[in-house]
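Student: Input structure: start-v6.cif, which contains mmCIF, C-alpha atoms.
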data_protein
loop_
_atom_site.label_atom_id
_atom_site.label_comp_id
_atom_site.auth_asym_id
_atom_site.auth_seq_id
_atom_site.Cartn_x
_atom_site.Cartn_y
_atom_site.Cartn_z
CA MET A 1 122.16 31.90 91.44
CA ALA A 2 120.23 34.51 89.40
CA LYS A 3 117.55 34.77 92.13
CA ARG A 4 120.16 35.51 94.79
CA LEU A 5 121.83 38.13 92.59
CA THR A 6 118.45 39.80 91.94
CA TYR A 7 117.74 39.78 95.67
CA VAL A 8 121.13 41.31 96.53
CA VAL A 9 121.03 43.94 93.76
CA PHE A 10 117.38 45.09 93.97
CA VAL A 11 115.62 44.07 97.17
CA LEU A 12 118.38 44.41 99.77
CA PRO A 13 119.14 48.11 99.00
CA VAL A 14 115.44 48.99 99.35
CA VAL A 15 115.22 47.26 102.71
CA PHE A 16 118.38 49.01 103.97
CA SER A 17 117.10 52.39 102.73
CA VAL A 18 113.82 52.02 104.62
CA ILE A 19 115.60 50.94 107.80
CA PHE A 20 118.18 53.74 107.57
CA GLY A 21 115.48 56.37 106.83
CA SER A 22 113.42 55.21 109.80
CA VAL A 23 116.41 55.41 112.15
CA VAL A 24 117.25 58.93 110.96
CA MET A 25 113.62 60.10 111.31
CA VAL A 26 113.34 58.69 114.85
CA ASP A 27 116.59 60.42 115.81
CA ILE A 28 115.46 63.77 114.37
CA LEU A 29 112.06 63.64 116.06
CA GLN A 30 113.66 63.01 119.47
CA ASP A 31 115.33 66.44 119.42
CA PRO A 32 113.51 69.01 121.59
CA GLY A 33 111.41 71.41 119.57
CA ARG A 34 111.13 69.10 116.54
CA GLU A 35 107.83 67.74 115.34
CA LEU A 36 106.37 66.19 112.25
CA ASN A 37 103.35 68.23 111.19
CA LEU A 38 101.86 66.84 108.00
CA LEU A 39 98.83 69.13 108.17
CA GLN A 40 101.00 72.16 107.32
CA ILE A 41 101.78 70.72 103.90
CA GLY A 42 98.28 71.54 102.66
CA SER A 43 98.58 75.20 103.65
CA ILE A 44 101.77 76.05 101.77
CA GLY A 45 101.28 79.14 99.65
CA GLU A 46 98.25 80.39 101.57
CA ILE A 47 98.73 83.79 103.13
CA SER A 48 96.72 85.00 106.03
CA PRO A 49 96.90 88.67 106.95
CA ASN A 50 99.08 89.31 109.97
CA GLU A 51 98.38 92.18 112.35
CA SER A 52 102.10 92.45 113.20
CA ILE A 53 102.99 93.73 109.73
CA LYS A 54 101.16 96.44 107.79
CA ILE A 55 101.47 97.88 104.29
CA ILE A 56 101.42 101.69 104.28
CA GLY A 57 100.60 103.83 101.23
CA LEU A 58 99.07 101.26 98.85
CA LYS A 59 96.17 102.70 96.84
CA GLN A 60 93.30 100.61 95.55
CA GLN A 61 93.85 101.79 91.97
CA TYR A 62 96.80 103.02 89.88
CA SER A 63 97.21 104.29 86.33
CA ILE A 64 99.70 102.58 84.01
CA SER A 65 102.36 105.28 84.40
CA GLU A 66 101.93 105.73 88.16
CA PRO A 67 104.45 103.95 90.42
CA VAL A 68 103.24 101.65 93.18
CA GLN A 69 104.97 103.03 96.27
CA ILE A 70 104.69 101.54 99.74
CA GLN A 71 106.40 101.30 103.07
CA VAL A 72 105.96 98.70 105.80
CA ILE A 73 105.44 98.94 109.55
CA VAL A 74 106.25 95.95 111.77
CA ASP A 75 104.84 95.89 115.32
CA ASP A 76 106.54 92.67 116.48
CA LEU A 77 109.84 93.20 118.31
CA SER A 78 111.04 89.69 117.44
CA PHE A 79 111.29 91.04 113.88
CA SER A 80 113.12 94.26 114.82
CA CYS A 81 115.86 93.22 112.38
CA GLY A 82 115.61 90.93 109.39
CA ASP A 83 115.07 90.65 105.66
CA LEU A 84 112.08 92.26 103.95
CA TYR A 85 110.69 90.98 100.64
CA VAL A 86 108.05 92.80 98.59
CA THR A 87 106.49 90.90 95.67
CA ILE A 88 103.80 91.88 93.19
CA TYR A 89 101.82 88.97 91.72
CA THR A 90 99.19 88.87 89.01
CA SER A 91 95.74 88.13 90.38
CA GLY A 92 95.64 84.55 91.62
CA LYS A 93 99.41 84.52 92.21
CA GLU A 94 100.07 82.93 88.84
CA ASN A 95 103.14 85.00 88.03
CA ALA A 96 105.41 87.22 90.05
CA ILE A 97 105.71 90.55 88.25
CA THR A 98 108.48 91.89 90.46
CA GLN A 99 110.21 91.14 93.74
CA SER A 100 112.46 93.37 95.79
CA GLY A 101 114.57 92.25 98.71
CA TYR A 102 115.80 94.56 101.44
CA PHE A 103 118.36 92.82 103.62
CA LYS A 104 119.28 93.53 107.26
CA GLN A 105 116.40 95.92 107.81
CA CYS A 106 116.07 97.16 111.40
CA PHE A 107 113.54 99.43 113.04
CA ASP A 108 113.33 101.22 116.38
CA ASP A 109 111.21 103.96 117.97
CA ASN A 110 112.82 106.64 115.79
CA ASN A 111 112.72 104.74 112.51
CA GLN A 112 109.68 102.51 112.26
CA PHE A 113 109.16 102.44 108.48
CA LEU A 114 110.75 99.76 106.32
CA PRO A 115 112.62 99.61 104.01
CA ASN A 116 115.11 101.89 105.74
CA LYS A 117 116.20 105.03 103.89
CA GLU A 118 114.24 104.08 100.77
CA ARG A 119 110.78 103.28 99.52
CA PHE A 120 109.52 100.37 97.45
CA SER A 121 108.56 101.81 94.07
CA GLU A 122 107.60 99.87 90.93
CA ILE A 123 105.62 100.74 87.81
CA VAL A 124 103.18 98.08 86.66
CA ASP A 125 102.55 98.82 82.99
CA THR A 126 99.85 96.23 82.22
CA PRO A 127 96.23 96.82 83.23
CA GLY A 128 94.75 94.21 85.55
CA GLN A 129 94.35 93.03 89.12
CA TYR A 130 97.45 92.47 91.24
CA GLU A 131 98.39 91.36 94.73
CA LEU A 132 101.23 92.90 96.71
CA VAL A 133 102.75 90.48 99.25
CA VAL A 134 105.14 91.56 102.02
CA ASP A 135 107.28 89.01 103.90
CA MET A 136 109.55 89.78 106.84
CA LEU A 137 112.02 87.15 108.02
CA ASP A 138 113.70 87.48 111.41
CA LYS A 139 117.47 87.92 111.62
CA ASN A 140 117.96 84.17 112.18
CA GLN A 141 115.90 83.32 109.06
CA LYS A 142 113.71 80.95 111.12
CA ASN A 143 110.42 82.83 111.48
CA SER A 144 108.45 85.03 109.14
CA ILE A 145 105.38 87.23 109.08
CA THR A 146 103.39 87.98 105.95
CA THR A 147 100.59 90.20 104.76
CA SER A 148 99.09 91.04 101.40
CA GLU A 149 96.77 93.53 99.72
CA LYS A 150 95.18 93.74 96.30
CA PHE A 151 95.17 96.64 93.87
CA THR A 152 94.12 97.40 90.29
CA VAL A 153 96.01 99.03 87.41
CA LYS A 154 93.90 100.79 84.74
#
Kindly present the structure from the file in structure tokens form.

Tutor:
Amino acid sequence: MAKRLTYVVFVLPVVFSVIFGSVVMVDILQDPGRELNLLQIGSIGEISPNESIKIIGLKQQYSISEPVQIQVIVDDLSFSCGDLYVTIYTSGKENAITQSGYFKQCFDDNNQFLPNKERFSEIVDTPGQYELVVDMLDKNQKNSITTSEKFTVK
């Protein structure tokens, strides 16, 4: 009796979980446009420069009291509206020093600089090497473009 109870309590739920998970995964992967890409998992966190987005106004070196001020130009019309995030990391991306989000940013021929009607401006008061990362998400929050540049504070 104890063997049957052990089987029902411990083994049977594991078997049902595996079967249910497999059925759900098969159903999801049959949808058009869905794929299982395990090779992408290794590239999370890596940023490759993107020609569709450019950082404007970043100097190579700043003094402690000088603000880091930049604007962004996006050349991809699929990102004509979306959310813009600007983050400053310590060298090696160990810690985010600051992050600013600019929501519902749109550009056109007359207004091509982002963020609209303002400028990213932050003072980094600790000497060292930093990396500024800019991310733009499209208005549906499905696609993004990213670029980054390094600078030094002395």

Student: Please expand the PyMOL selection byres ((chain A and resi 141) around 12) into the concrete residues it hits in this file, giving the result as an mmCIF file with C-alpha atoms, in the coordinates of the input.

Tutor:
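Listed below is the output, part_30.cif:
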data_model
loop_
_atom_site.group_PDB
_atom_site.id
_atom_site.type_symbol
_atom_site.label_atom_id
_atom_site.label_comp_id
_atom_site.auth_asym_id
_atom_site.auth_seq_id
_atom_site.Cartn_x
_atom_site.Cartn_y
_atom_site.Cartn_z
ATOM 1 C CA SER A 78 111.040 89.690 117.440
ATOM 2 C CA PHE A 79 111.290 91.040 113.880
ATOM 3 C CA CYS A 81 115.860 93.220 112.380
ATOM 4 C CA GLY A 82 115.610 90.930 109.390
ATOM 5 C CA ASP A 83 115.070 90.650 105.660
ATOM 6 C CA LEU A 84 112.080 92.260 103.950
ATOM 7 C CA PHE A 103 118.360 92.820 103.620
ATOM 8 C CA LYS A 104 119.280 93.530 107.260
ATOM 9 C CA ASP A 135 107.280 89.010 103.900
ATOM 10 C CA MET A 136 109.550 89.780 106.840
ATOM 11 C CA LEU A 137 112.020 87.150 108.020
ATOM 12 C CA ASP A 138 113.700 87.480 111.410
ATOM 13 C CA LYS A 139 117.470 87.920 111.620
ATOM 14 C CA ASN A 140 117.960 84.170 112.180
ATOM 15 C CA LYS A 142 113.710 80.950 111.120
ATOM 16 C CA ASN A 143 110.420 82.830 111.480
ATOM 17 C CA SER A 144 108.450 85.030 109.140
ATOM 18 C CA ILE A 145 105.380 87.230 109.080
#

Student: Output the residue selection produced by the PyMOL selection byres ((chain A and resi 66-75) around 7) on the file above, formatted as a ChimeraX atom specification.

Tutor: /A:52-58,62-65,76-77,112-115,119-123

Student: I'd like the interatomic distance between atom CA of Thr146 of chain A and atom CA of Leu29 of chain A, to a tenth of an Å.

Tutor: 27.7 Å

Student: Find the distance between atom CA of Ile97 of chain A and atom CA of Lys117 of chain A and write it in Å to one decimal.

Tutor: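 Separation between atom CA of Ile97 of chain A and atom CA of Lys117 of chain A: 23.8 Å.
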
Student: Just checking: using all atoms listed in the file, which residue out of A:Tyr102, A:Tyr7, A:Phe107, A:Phe151 ends up closest to Val124 of chain A?

Tutor: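 Result for the nearest residue to Val124 of chain A: A:Phe151.
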
Student: May I ask which of the residues A:Glu94, A:Glu149, A:Glu118, A:Asp27 is the closest one to Leu132 of chain A, counting only C-alpha atoms?

Tutor: A:Glu149

Student: Please compute the atom CA of Arg4 of chain A-atom CA of Phe16 of chain A distance, one decimal, in Å.

Tutor: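 Atom CA of Arg4 of chain A sits 16.4 Å away from atom CA of Phe16 of chain A.
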
Student: List as a list in words the residues having at least one atom at most 10 Å from position (109.9, 89.3, 95.4) as given in the file, counting all atoms listed in the file.

Tutor: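 Counting all atoms listed in the file, I find these residues within 10 Å of (109.9, 89.3, 95.4): Leu84, Tyr85, Val86, Thr87, Ile88, Tyr89, Ala96, Ile97, Thr98, Gln99, Ser100, Gly101, Tyr102, Leu132, Val133, Val134 and Asp135 of chain A.
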